file upload-v9.txt (compact mmCIF, C-alpha atoms)
# COMPACT_ATOMS: atom_id res chain seq x y z
CA MET A 1137 -2.47 74.71 -13.46
CA PHE A 1138 -5.63 74.12 -11.42
CA PHE A 1139 -7.13 77.45 -12.52
CA LEU A 1140 -6.22 76.74 -16.13
CA ASN A 1141 -8.02 73.38 -16.02
CA LYS A 1142 -11.03 75.00 -14.39
CA LYS A 1143 -11.16 77.64 -17.09
CA ILE A 1144 -11.02 74.98 -19.82
CA LYS A 1145 -13.70 72.94 -18.05
CA ASN A 1146 -16.07 75.91 -17.84
CA LYS A 1147 -15.56 76.89 -21.46
CA LYS A 1148 -18.81 76.73 -23.42
CA LYS A 1149 -19.21 74.08 -26.08
CA TYR A 1150 -21.11 75.48 -29.06
CA ILE A 1151 -22.81 73.63 -31.89
CA LYS A 1152 -20.91 74.53 -35.04
CA ILE A 1153 -22.22 74.81 -38.59
CA GLY A 1154 -21.46 71.64 -40.56
CA SER A 1155 -21.30 69.39 -37.53
CA LYS A 1156 -23.54 66.34 -37.09
CA LYS A 1157 -25.30 68.00 -34.17
CA TYR A 1158 -26.04 71.08 -36.25
CA LYS A 1159 -27.61 68.89 -38.95
CA TYR A 1160 -29.77 67.18 -36.32
CA PHE A 1161 -30.62 70.60 -34.93
CA ILE A 1162 -31.88 71.82 -38.33
CA ILE A 1163 -33.87 68.60 -38.89
CA SER A 1164 -35.54 68.95 -35.50
CA LEU A 1165 -36.28 72.62 -36.19
CA PHE A 1166 -38.15 71.54 -39.31
CA PHE A 1167 -40.46 69.28 -37.33
CA ALA A 1168 -40.94 71.87 -34.57
CA GLY A 1169 -41.77 74.58 -37.11
CA LEU A 1170 -44.10 72.26 -39.03
CA THR A 1171 -46.07 71.45 -35.88
CA ASN A 1172 -46.04 74.93 -34.36
CA PHE A 1173 -47.05 77.01 -37.33
CA SER A 1174 -49.29 74.56 -39.17
CA ILE A 1175 -51.40 74.34 -36.00
CA LEU A 1176 -51.28 78.09 -35.43
CA TYR A 1177 -52.25 79.21 -38.93
CA CYS A 1178 -54.38 76.31 -40.20
CA VAL A 1179 -57.54 78.31 -39.46
CA GLN A 1180 -56.52 81.44 -41.39
CA PRO A 1181 -57.60 80.35 -44.91
CA ILE A 1182 -60.90 78.96 -43.60
CA LEU A 1183 -62.03 82.13 -41.84
CA PRO A 1184 -64.71 82.65 -44.54
CA ILE A 1185 -65.89 79.07 -43.84
CA PHE A 1186 -66.22 79.90 -40.15
CA SER A 1187 -68.12 83.08 -41.06
CA LYS A 1188 -70.60 81.09 -43.11
CA THR A 1189 -70.91 78.06 -40.80
CA PHE A 1190 -71.28 79.93 -37.51
CA HIS A 1191 -72.90 83.13 -38.91
CA LEU A 1192 -70.00 85.44 -38.01
CA ASN A 1193 -68.62 88.65 -39.49
CA PRO A 1194 -64.95 88.69 -40.61
CA ALA A 1195 -63.70 90.25 -37.37
CA GLN A 1196 -65.50 87.64 -35.24
CA SER A 1197 -64.23 84.82 -37.43
CA SER A 1198 -60.63 86.07 -37.16
CA PHE A 1199 -60.88 85.64 -33.39
CA SER A 1200 -60.18 81.91 -33.90
CA LEU A 1201 -56.64 82.94 -34.82
CA SER A 1202 -56.36 86.00 -32.57
CA ILE A 1203 -57.27 84.08 -29.39
CA THR A 1204 -54.52 81.58 -30.16
CA THR A 1205 -51.86 84.21 -30.69
CA ILE A 1206 -52.83 86.26 -27.64
CA PHE A 1207 -52.65 83.25 -25.31
CA MET A 1208 -49.45 82.24 -27.04
CA ALA A 1209 -48.07 85.71 -26.35
CA ILE A 1210 -49.07 85.61 -22.68
CA GLY A 1211 -47.67 82.12 -22.23
CA MET A 1212 -44.30 83.18 -23.59
CA LEU A 1213 -43.78 85.37 -20.53
CA PHE A 1214 -43.77 82.22 -18.37
CA THR A 1215 -42.49 79.35 -20.51
CA GLY A 1216 -38.98 80.79 -20.45
CA ASN A 1217 -38.96 80.37 -16.68
CA LEU A 1218 -40.33 76.83 -16.99
CA ALA A 1219 -37.54 76.07 -19.45
CA ASP A 1220 -35.01 77.33 -16.88
CA ILE A 1221 -36.37 74.80 -14.39
CA PHE A 1222 -37.20 71.74 -16.51
CA GLY A 1223 -34.84 72.21 -19.47
CA ARG A 1224 -35.23 73.50 -23.03
CA LYS A 1225 -35.96 70.21 -24.78
CA SER A 1226 -38.51 69.04 -22.19
CA VAL A 1227 -40.62 72.21 -22.40
CA ILE A 1228 -40.56 72.30 -26.21
CA THR A 1229 -41.48 68.62 -26.48
CA PHE A 1230 -44.41 68.83 -24.05
CA SER A 1231 -45.64 71.95 -25.85
CA LEU A 1232 -45.64 70.18 -29.22
CA PHE A 1233 -47.56 67.16 -27.91
CA PHE A 1234 -50.17 69.19 -26.00
CA ALA A 1235 -50.79 71.47 -29.00
CA SER A 1236 -51.27 68.43 -31.26
CA PHE A 1237 -53.70 66.83 -28.80
CA PHE A 1238 -55.85 69.98 -28.42
CA THR A 1239 -55.92 70.40 -32.22
CA ILE A 1240 -57.29 66.87 -32.68
CA LEU A 1241 -59.86 67.57 -29.96
CA CYS A 1242 -60.85 70.89 -31.56
CA SER A 1243 -61.57 69.15 -34.89
CA ASN A 1244 -64.42 67.21 -33.28
CA ILE A 1245 -66.23 70.27 -31.91
CA ASN A 1246 -69.01 72.19 -33.65
CA ASN A 1247 -69.69 74.80 -30.99
CA TRP A 1248 -68.00 78.14 -31.66
CA ASP A 1249 -67.46 79.05 -27.99
CA ILE A 1250 -65.79 75.72 -27.25
CA ILE A 1251 -63.65 76.05 -30.40
CA ILE A 1252 -62.44 79.44 -29.19
CA PHE A 1253 -61.70 77.97 -25.76
CA LEU A 1254 -59.67 75.13 -27.26
CA ARG A 1255 -57.82 77.49 -29.60
CA GLY A 1256 -56.84 79.45 -26.50
CA LEU A 1257 -55.43 76.28 -24.91
CA ILE A 1258 -53.57 75.58 -28.15
CA GLY A 1259 -52.03 79.05 -27.92
CA LEU A 1260 -50.84 78.38 -24.36
CA SER A 1261 -49.33 75.09 -25.52
CA LEU A 1262 -47.54 76.66 -28.48
CA SER A 1263 -46.03 79.35 -26.23
CA GLY A 1264 -43.41 76.86 -25.06
CA ILE A 1265 -41.85 76.42 -28.49
CA THR A 1266 -40.62 79.51 -30.33
CA SER A 1267 -39.25 81.57 -27.44
CA VAL A 1268 -37.51 78.55 -25.89
CA VAL A 1269 -36.00 77.54 -29.25
CA LEU A 1270 -34.56 81.05 -29.65
CA THR A 1271 -33.16 80.88 -26.12
CA TYR A 1272 -31.62 77.51 -26.94
CA MET A 1273 -29.98 79.07 -30.00
CA THR A 1274 -28.37 81.90 -28.03
CA GLU A 1275 -26.95 79.34 -25.59
CA GLU A 1276 -25.92 76.50 -27.88
CA ILE A 1277 -25.21 77.90 -31.37
CA LYS A 1278 -21.86 79.54 -32.06
CA PRO A 1279 -22.41 83.35 -31.96
CA ASN A 1280 -21.13 84.01 -35.49
CA ALA A 1281 -23.76 81.59 -36.80
CA LEU A 1282 -26.68 83.00 -34.78
CA ALA A 1283 -28.14 85.31 -37.46
CA LEU A 1284 -28.05 82.52 -40.06
CA SER A 1285 -29.57 80.01 -37.62
CA VAL A 1286 -32.40 82.38 -36.70
CA GLY A 1287 -33.02 82.94 -40.41
CA LEU A 1288 -33.16 79.19 -41.02
CA TYR A 1289 -35.55 78.77 -38.11
CA ILE A 1290 -37.88 81.41 -39.50
CA SER A 1291 -37.60 79.62 -42.85
CA VAL A 1292 -38.83 76.32 -41.41
CA ASN A 1293 -41.55 78.19 -39.52
CA THR A 1294 -42.53 79.69 -42.85
CA PHE A 1295 -42.90 76.23 -44.34
CA GLY A 1296 -45.02 75.16 -41.36
CA GLY A 1297 -47.30 78.16 -41.83
CA PHE A 1298 -47.56 77.44 -45.55
CA PHE A 1299 -48.34 73.78 -44.97
CA GLY A 1300 -51.08 74.48 -42.41
CA ARG A 1301 -52.77 77.09 -44.59
CA PHE A 1302 -52.49 75.16 -47.86
CA PHE A 1303 -53.51 71.81 -46.39
CA THR A 1304 -56.67 73.07 -44.68
CA SER A 1305 -57.79 75.21 -47.63
CA PHE A 1306 -57.36 72.25 -49.99
CA PHE A 1307 -59.12 69.73 -47.74
CA VAL A 1308 -61.97 72.05 -46.82
CA HIS A 1309 -62.81 72.41 -50.51
CA TYR A 1310 -63.33 68.66 -50.90
CA TYR A 1311 -64.26 67.55 -47.39
CA SER A 1312 -64.91 69.71 -44.31
CA TRP A 1313 -63.02 71.99 -41.95
CA ASN A 1314 -63.30 69.30 -39.21
CA ILE A 1315 -61.44 66.70 -41.28
CA ALA A 1316 -58.83 69.25 -42.34
CA ILE A 1317 -58.06 70.28 -38.75
CA PHE A 1318 -58.05 66.63 -37.60
CA CYS A 1319 -55.42 65.73 -40.21
CA ILE A 1320 -53.28 68.70 -39.16
CA GLY A 1321 -53.43 67.43 -35.56
CA VAL A 1322 -52.38 63.90 -36.52
CA ILE A 1323 -49.52 65.09 -38.74
CA SER A 1324 -48.35 67.38 -35.93
CA LEU A 1325 -48.41 64.50 -33.45
CA ILE A 1326 -46.16 62.41 -35.70
CA SER A 1327 -43.91 65.40 -36.32
CA SER A 1328 -43.54 65.91 -32.55
CA LEU A 1329 -42.19 62.36 -32.22
CA PHE A 1330 -39.51 63.09 -34.82
CA PHE A 1331 -38.55 66.27 -32.96
CA LEU A 1332 -38.14 64.30 -29.74
CA PHE A 1333 -35.73 61.94 -31.51
CA PHE A 1334 -33.54 64.48 -33.35
CA PHE A 1335 -33.29 67.56 -31.11
CA PRO A 1336 -29.79 67.74 -29.50
CA PRO A 1337 -29.72 68.08 -25.71
CA SER A 1338 -28.41 71.31 -24.19
CA LEU A 1339 -24.69 71.60 -23.46
CA ASN A 1340 -24.59 75.04 -21.82
CA PHE A 1341 -27.86 74.92 -19.88
CA HIS A 1342 -27.92 74.76 -16.08
CA THR A 1343 -31.12 74.16 -14.16
CA GLU A 1344 -32.38 77.04 -12.06
CA SER A 1345 -34.91 76.93 -9.25
CA PHE A 1346 -37.88 79.28 -9.47
CA ASN A 1347 -37.32 82.65 -7.83
CA LEU A 1348 -40.17 85.16 -8.13
CA LYS A 1349 -37.95 88.16 -7.44
CA ARG A 1350 -35.41 87.07 -10.04
CA TYR A 1351 -38.19 86.36 -12.54
CA PHE A 1352 -39.64 89.89 -12.34
CA LYS A 1353 -36.12 91.32 -12.47
CA ASN A 1354 -35.39 89.40 -15.67
CA ILE A 1355 -38.71 90.53 -17.19
CA ILE A 1356 -38.21 94.20 -16.29
CA LEU A 1357 -34.53 94.38 -17.26
CA PRO A 1358 -35.08 94.21 -21.06
CA LEU A 1359 -37.89 96.77 -20.79
CA LYS A 1360 -35.40 99.27 -19.34
CA ASN A 1361 -33.28 99.02 -22.49
CA PHE A 1362 -34.42 101.76 -24.91
CA GLN A 1363 -33.09 99.91 -27.96
CA LEU A 1364 -34.92 96.72 -27.00
CA ARG A 1365 -38.15 98.63 -26.34
CA LEU A 1366 -38.05 100.00 -29.88
CA LEU A 1367 -37.48 96.51 -31.27
CA PHE A 1368 -40.41 95.20 -29.23
CA PHE A 1369 -42.70 97.83 -30.78
CA ILE A 1370 -41.33 97.04 -34.23
CA GLY A 1371 -42.22 93.36 -33.75
CA PHE A 1372 -45.69 94.38 -32.52
CA LEU A 1373 -46.38 96.47 -35.63
CA LEU A 1374 -44.61 94.18 -38.09
CA MET A 1375 -46.63 91.08 -37.26
CA GLY A 1376 -49.79 93.20 -37.03
CA SER A 1377 -49.36 94.38 -40.63
CA PHE A 1378 -48.64 90.89 -41.93
CA ILE A 1379 -51.48 89.07 -40.21
CA THR A 1380 -53.97 91.80 -41.14
CA LEU A 1381 -53.11 91.46 -44.82
CA PHE A 1382 -53.49 87.68 -44.92
CA ASN A 1383 -56.55 87.59 -42.66
CA TYR A 1384 -58.58 89.64 -45.15
CA ILE A 1385 -56.99 89.06 -48.56
CA SER A 1386 -59.04 85.85 -48.85
CA TYR A 1387 -62.26 87.87 -48.49
CA LYS A 1388 -61.09 90.17 -51.30
CA LEU A 1389 -60.27 87.27 -53.61
CA MET A 1390 -63.58 85.48 -53.06
CA ILE A 1391 -65.72 88.42 -54.23
CA LYS A 1392 -65.99 90.44 -57.44
CA PRO A 1393 -64.01 90.51 -59.75
CA PHE A 1394 -62.04 87.38 -58.73
CA PHE A 1395 -64.60 84.90 -57.31
CA LEU A 1396 -61.92 82.36 -56.35
CA ASN A 1397 -62.93 79.18 -54.50
CA HIS A 1398 -61.32 78.00 -51.25
CA ALA A 1399 -58.83 75.69 -52.96
CA LEU A 1400 -57.53 78.49 -55.20
CA VAL A 1401 -57.39 80.96 -52.31
CA GLY A 1402 -55.44 78.35 -50.38
CA PHE A 1403 -52.95 78.15 -53.23
CA ILE A 1404 -51.86 81.66 -52.22
CA SER A 1405 -50.20 79.98 -49.25
CA VAL A 1406 -47.41 78.97 -51.62
CA ILE A 1407 -46.30 82.59 -51.35
CA TYR A 1408 -45.16 81.93 -47.79
CA LEU A 1409 -42.33 79.81 -49.15
CA ILE A 1410 -40.59 83.00 -50.28
CA GLY A 1411 -39.73 83.40 -46.60
CA VAL A 1412 -37.61 80.23 -46.81
CA TYR A 1413 -35.26 82.26 -49.03
CA SER A 1414 -35.64 85.81 -47.72
CA SER A 1415 -35.18 85.02 -44.00
CA PRO A 1416 -31.69 83.48 -44.09
CA LYS A 1417 -30.69 85.79 -46.95
CA ALA A 1418 -31.54 88.83 -44.82
CA GLY A 1419 -29.54 87.32 -41.95
CA LEU A 1420 -26.47 87.05 -44.19
CA LEU A 1421 -26.89 90.56 -45.63
CA THR A 1422 -26.88 92.13 -42.16
CA LYS A 1423 -23.17 91.32 -41.89
CA LYS A 1424 -22.53 93.47 -44.94
CA TYR A 1425 -25.08 96.28 -44.63
CA GLY A 1426 -26.23 96.27 -41.00
CA TYR A 1427 -29.52 95.45 -39.30
CA GLY A 1428 -31.18 98.83 -39.75
CA ASN A 1429 -30.45 99.18 -43.46
CA ILE A 1430 -31.75 95.70 -44.32
CA SER A 1431 -34.88 96.38 -42.25
CA ILE A 1432 -35.60 99.58 -44.18
CA TYR A 1433 -35.11 97.89 -47.55
CA SER A 1434 -37.44 95.08 -46.46
CA LEU A 1435 -40.16 97.52 -45.38
CA PHE A 1436 -40.10 99.39 -48.67
CA ILE A 1437 -40.49 96.07 -50.47
CA MET A 1438 -43.55 95.44 -48.30
CA ILE A 1439 -45.00 98.85 -49.20
CA PHE A 1440 -44.54 98.26 -52.92
CA GLY A 1441 -46.12 94.82 -52.61
CA LEU A 1442 -49.08 96.30 -50.74
CA PHE A 1443 -49.53 98.85 -53.53
CA LEU A 1444 -49.72 96.06 -56.14
CA THR A 1445 -52.57 94.33 -54.27
CA GLN A 1446 -54.84 97.28 -55.15
CA PHE A 1447 -55.11 96.15 -58.78
CA ASN A 1448 -57.89 93.89 -60.04
CA PHE A 1449 -55.57 91.55 -61.92
CA ILE A 1450 -54.84 88.31 -60.10
CA ILE A 1451 -51.26 88.03 -61.39
CA ILE A 1452 -50.41 91.54 -60.16
CA VAL A 1453 -52.06 90.86 -56.80
CA PHE A 1454 -50.11 87.59 -56.55
CA LEU A 1455 -46.84 89.43 -57.29
CA GLY A 1456 -47.71 92.03 -54.66
CA LEU A 1457 -48.30 89.32 -52.06
CA ILE A 1458 -44.94 87.73 -52.93
CA LEU A 1459 -43.09 91.03 -52.43
CA PHE A 1460 -44.96 91.85 -49.23
CA THR A 1461 -44.31 88.39 -47.78
CA GLY A 1462 -40.63 88.32 -48.75
CA GLY A 1463 -40.11 91.75 -47.21
CA PHE A 1464 -41.92 90.76 -44.03
CA PHE A 1465 -39.91 87.61 -43.39
CA ALA A 1466 -36.67 89.44 -44.10
CA ALA A 1467 -37.61 92.21 -41.63
CA HIS A 1468 -38.72 89.68 -39.00
CA SER A 1469 -35.51 87.68 -39.36
CA VAL A 1470 -33.42 90.83 -38.88
CA SER A 1471 -35.31 92.11 -35.84
CA SER A 1472 -35.29 88.65 -34.19
CA SER A 1473 -31.51 88.30 -34.44
CA TRP A 1474 -31.04 92.00 -33.57
CA ILE A 1475 -32.66 91.28 -30.20
CA GLY A 1476 -29.91 88.78 -29.36
CA HIS A 1477 -27.15 91.31 -30.05
CA CYS A 1478 -28.82 94.07 -28.03
CA SER A 1479 -29.36 91.90 -24.94
CA ARG A 1480 -26.38 91.90 -22.62
CA ASN A 1481 -28.28 90.02 -19.94
CA SER A 1482 -31.53 88.02 -19.85
CA LYS A 1483 -31.29 87.11 -23.53
CA GLY A 1484 -33.93 84.43 -23.16
CA TYR A 1485 -36.35 86.84 -21.53
CA SER A 1486 -35.62 89.48 -24.17
CA SER A 1487 -36.58 86.99 -26.90
CA SER A 1488 -39.72 86.03 -24.98
CA ILE A 1489 -40.80 89.66 -24.56
CA TYR A 1490 -40.13 90.37 -28.24
CA LEU A 1491 -42.32 87.41 -29.21
CA PHE A 1492 -44.94 88.51 -26.69
CA PHE A 1493 -45.28 91.87 -28.47
CA TYR A 1494 -44.95 90.16 -31.86
CA TYR A 1495 -47.93 87.84 -31.31
CA LEU A 1496 -49.84 90.48 -29.36
CA GLY A 1497 -49.68 92.53 -32.57
CA SER A 1498 -51.10 89.56 -34.44
CA SER A 1499 -53.99 89.25 -31.99
CA PHE A 1500 -54.85 92.93 -31.76
CA PHE A 1501 -54.41 94.09 -35.35
CA GLY A 1502 -55.61 90.81 -36.87
CA THR A 1503 -59.06 91.38 -35.37
CA PHE A 1504 -59.03 95.19 -35.39
CA GLY A 1505 -58.30 95.16 -39.12
CA GLY A 1506 -61.73 93.60 -39.65
CA LEU A 1507 -63.32 96.95 -38.83
CA PHE A 1508 -61.51 98.55 -41.77
CA TRP A 1509 -62.76 95.77 -44.05
CA PHE A 1510 -66.30 96.36 -42.79
CA PHE A 1511 -66.25 100.12 -43.44
CA GLY A 1512 -64.16 100.38 -46.59
CA GLY A 1513 -63.12 97.01 -47.94
CA TRP A 1514 -59.59 96.24 -49.09
CA LEU A 1515 -58.59 99.87 -49.70
CA TYR A 1516 -59.21 100.80 -46.07
CA VAL A 1517 -57.40 97.67 -44.87
CA SER A 1518 -54.42 98.63 -47.05
CA PHE A 1519 -54.27 102.17 -45.66
CA PHE A 1520 -54.31 100.72 -42.17
CA ILE A 1521 -51.40 98.37 -43.00
CA LEU A 1522 -49.48 101.24 -44.59
CA LEU A 1523 -49.86 103.27 -41.40
CA LEU A 1524 -48.36 100.42 -39.37
CA ILE A 1525 -45.35 100.17 -41.72
CA ILE A 1526 -44.77 103.94 -41.53
CA LEU A 1527 -44.71 103.67 -37.74
CA ILE A 1528 -42.07 100.92 -38.01
CA LEU A 1529 -39.93 103.19 -40.19
CA TYR A 1530 -40.26 105.89 -37.53
CA PHE A 1531 -39.01 103.52 -34.80
CA LEU A 1532 -36.14 102.38 -37.02
CA LYS A 1533 -35.07 106.00 -37.38
CA LYS A 1534 -34.92 106.19 -33.59
CA LEU A 1535 -32.53 103.20 -33.66
CA SER A 1536 -30.14 104.77 -36.16
CA ASN A 1537 -27.68 105.97 -33.50
CA PHE A 1538 -27.31 102.54 -31.91
CA PRO A 1539 -24.80 99.74 -32.67
CA TYR A 1540 -25.48 97.18 -35.44
CA TYR A 1541 -27.75 99.58 -37.33
CA SER A 1542 -25.21 99.80 -40.14
CA VAL A 1543 -21.79 98.38 -40.85
call {"tool": "encode", "arguments": {"input": "upload-v9.txt", "output": "structure tokens"}}
result
Amino acid sequence: MFFLNKKIKNKKKYIKIGSKKYKYFIISLFFAGLTNFSILYCVQPILPIFSKTFHLNPAQSSFSLSITTIFMAIGMLFTGNLADIFGRKSVITFSLFFASFFTILCSNINNWDIIIFLRGLIGLSLSGITSVVLTYMTEEIKPNALALSVGLYISVNTFGGFFGRFFTSFFVHYYSWNIAIFCIGVISLISSLFFLFFFPPSLNFHTESFNLKRYFKNIILPLKNFQLRLLFFIGFLLMGSFITLFNYISYKLMIKPFFLNHALVGFISVIYLIGVYSSPKAGLLTKKYGYGNISIYSLFIMIFGLFLTQFNFIIIVFLGLILFTGGFFAAHSVSSSWIGHCSRNSKGYSSSIYLFFYYLGSSFFGTFGGLFWFFGGWLYVSFFILLLIILILYFLKKLSNFPYYSV
């Protein structure tokens, strides 16, 4: 009887879909995603403004985003361990508040070097959000609801990215980039307070003391898994293709034959909302068709969308961006949840390493893509993106003999 009671006591208590805690969880995810991704991507639509204001070429201007994502990627290798010591909610909350503070501070600076420095600090701050949230999900959300929950999280992140891009591009047209960034910082600060109130505390988390040997073991363990390594490279290339497209599409639309202003270019951010639908939808479809099959379908949608952006008709370009974006968020949702199923141990570290490669791809390709714009304009950028997608398809083929690829 004693052993039976002990077994019942140690049984994990998961947050179930439809419960009050799950509703609070989704609400808090909205505020976390709004803060995280509006801060991260608020500079993307104003890269041409930075080029003009600080006399930079497109590749140099894109560094304001790349520096944030690279420090975010590096920080993710350590924030998981901090979350093991101080708790999931504490690390996420402090990250949200610090990122908001540095964003407000950055809005009052007119020196490019200091802006880059502060954007790096913002990246370090943001590193304590996404990877820790995904770890929280694997611990607290019922396993059969994990794919849907990850899809919903990517959906709210999508809205945050849309809001940051659209808000700054609209405000910069009528005011200045400083005011736009300041408002993003204030909104994020308020949003962080709401997160603190709604986010449910962990039920299955147990504090761990820092152990350097165990830390390196947990980091190396996922890298020994061939399936996980392939998924890490897929994330690296996937985000690289996406960020390259949206870093330089604004330059294409502001020159002949379009000549769009900043407000109209910012309106393109509405396209990101397609991810609110495609992310959870892809998560549901994996149960019927498998992770690999849905990933391949998503990538071919991206390729077709990329092809449509070659035309000089704004409606066709807009349609191409919708298809590319929908395909990307579907593919990202699938690969993110796939990581959880492929990780027998160190699930939190596996998610952190995946996101490390994911944002490293953003940093590297987001800036490197500027060279293709410099030498051949949008056509060269498109060929570069196509090459990245073909490489993803190659890695997916390597995964075809592993579980969860198809049903």
call {"tool": "atom_distance", "arguments": {"input": "upload-v9.txt", "atom1": "atom CA of Pro1194 of chain A", "atom2": "atom CA of Ser1498 of chain A"}}
result
15.2 Å
call {"tool": "closest_residue", "arguments": {"input": "upload-v9.txt", "among": "A:Phe1368, A:Phe1238, A:Tyr1310, A:Trp1248", "to": "Phe1190 of chain A", "atoms": "only C-alpha atoms"}}
result
A:Trp1248
call {"tool": "residues_around", "arguments": {"input": "upload-v9.txt", "residues": "Phe1237 of chain A", "least_positions_apart": "4", "cutoff": "9 Å", "atoms": "all atoms listed in the file", "output": "list in words"}}
result
Leu1232, Phe1233, Leu1241, Cys1242, Ile1258, Gly1321, Val1322, Ser1324 and Leu1325 of chain A
call {"tool": "residues_around", "arguments": {"input": "upload-v9.txt", "residues": "segment 1400-1412 of chain A", "least_positions_apart": "6", "cutoff": "7 Å", "atoms": "all atoms listed in the file", "output": "PyMOL selection string"}}
result
chain A and resi 1181+1291-1292+1294-1295+1298+1301-1302+1305-1306+1386+1458+1461-1462+1465
call {"tool": "closest_residue", "arguments": {"input": "upload-v9.txt", "among": "A:Tyr1351, A:Ile1526, A:Phe1334, A:Leu1457", "to": "Ile1221 of chain A", "atoms": "all atoms listed in the file"}}
result
A:Tyr1351
call {"tool": "atom_distance", "arguments": {"input": "upload-v9.txt", "atom1": "atom CA of Val1453 of chain A", "atom2": "atom CA of Ile1385 of chain A"}}
result
9.8 Å
call {"tool": "closest_residue", "arguments": {"input": "upload-v9.txt", "among": "A:Val1517, A:Ala1281, A:Ile1163, A:Ile1317", "to": "Phe1333 of chain A", "atoms": "only C-alpha atoms"}}
result
A:Ile1163
call {"tool": "closest_residue", "arguments": {"input": "upload-v9.txt", "among": "A:Cys1478, A:Ile1245, A:Leu1357, A:Leu1381", "to": "Gly1456 of chain A", "atoms": "only C-alpha atoms"}}
result
A:Leu1381
call {"tool": "residues_around", "arguments": {"input": "upload-v9.txt", "residues": "Ser1472 of chain A", "least_positions_apart": "6", "cutoff": "9 Å", "atoms": "all atoms listed in the file", "output": "PDB file with C-alpha atoms, in the coordinates of the input"}}
result
ATOM      1  CA  LEU A1270     -34.560  81.050 -29.650  1.00  0.00           C
ATOM      2  CA  ALA A1283     -28.140  85.310 -37.460  1.00  0.00           C
ATOM      3  CA  VAL A1286     -32.400  82.380 -36.700  1.00  0.00           C
ATOM      4  CA  GLY A1287     -33.020  82.940 -40.410  1.00  0.00           C
ATOM      5  CA  LEU A1367     -37.480  96.510 -31.270  1.00  0.00           C
ATOM      6  CA  GLY A1371     -42.220  93.360 -33.750  1.00  0.00           C
ATOM      7  CA  SER A1487     -36.580  86.990 -26.900  1.00  0.00           C
ATOM      8  CA  TYR A1490     -40.130  90.370 -28.240  1.00  0.00           C
ATOM      9  CA  LEU A1491     -42.320  87.410 -29.210  1.00  0.00           C
TER      10      LEU A1491
END
call {"tool": "closest_residue", "arguments": {"input": "upload-v9.txt", "among": "A:Ser1486, A:Tyr1427, A:Ser1338, A:Gly1376", "to": "Leu1527 of chain A", "atoms": "all atoms listed in the file"}}
result
A:Gly1376
call {"tool": "residues_near_point", "arguments": {"input": "upload-v9.txt", "point": "(-47.5, 86.2, -22.5)", "cutoff": "9 Å", "atoms": "only C-alpha atoms", "output": "list in words"}}
result
Ile1206, Phe1207, Met1208, Ala1209, Ile1210, Gly1211, Met1212, Leu1213, Phe1214, Thr1215, Leu1260, Ser1263, Ser1488, Ile1489, Leu1491, Phe1492, Phe1493, Tyr1495 and Leu1496 of chain A
call {"tool": "closest_residue", "arguments": {"input": "upload-v9.txt", "among": "A:Phe1464, A:Phe1501, A:Phe1520, A:Phe1369", "to": "Leu1532 of chain A", "atoms": "all atoms listed in the file"}}
result
A:Phe1369
call {"tool": "atom_distance", "arguments": {"input": "upload-v9.txt", "atom1": "atom CA of Leu1515 of chain A", "atom2": "atom CA of Phe1440 of chain A"}}
result
14.5 Å
call {"tool": "residues_near_point", "arguments": {"input": "upload-v9.txt", "point": "(-33.0, 90.2, -46.5)", "cutoff": "9 Å", "atoms": "all atoms listed in the file", "output": "JSON, numbers by chain"}}
result
{"A": [1413, 1414, 1415, 1416, 1417, 1418, 1419, 1420, 1421, 1422, 1430, 1431, 1433, 1434, 1462, 1463, 1465, 1466, 1467, 1469, 1470]}
call {"tool": "residues_around", "arguments": {"input": "upload-v9.txt", "residues": "Tyr1387 of chain A", "least_positions_apart": "2", "cutoff": "9 Å", "atoms": "all atoms listed in the file", "output": "PyMOL selection string"}}
result
chain A and resi 1183-1184+1194+1383-1385+1389-1391+1514
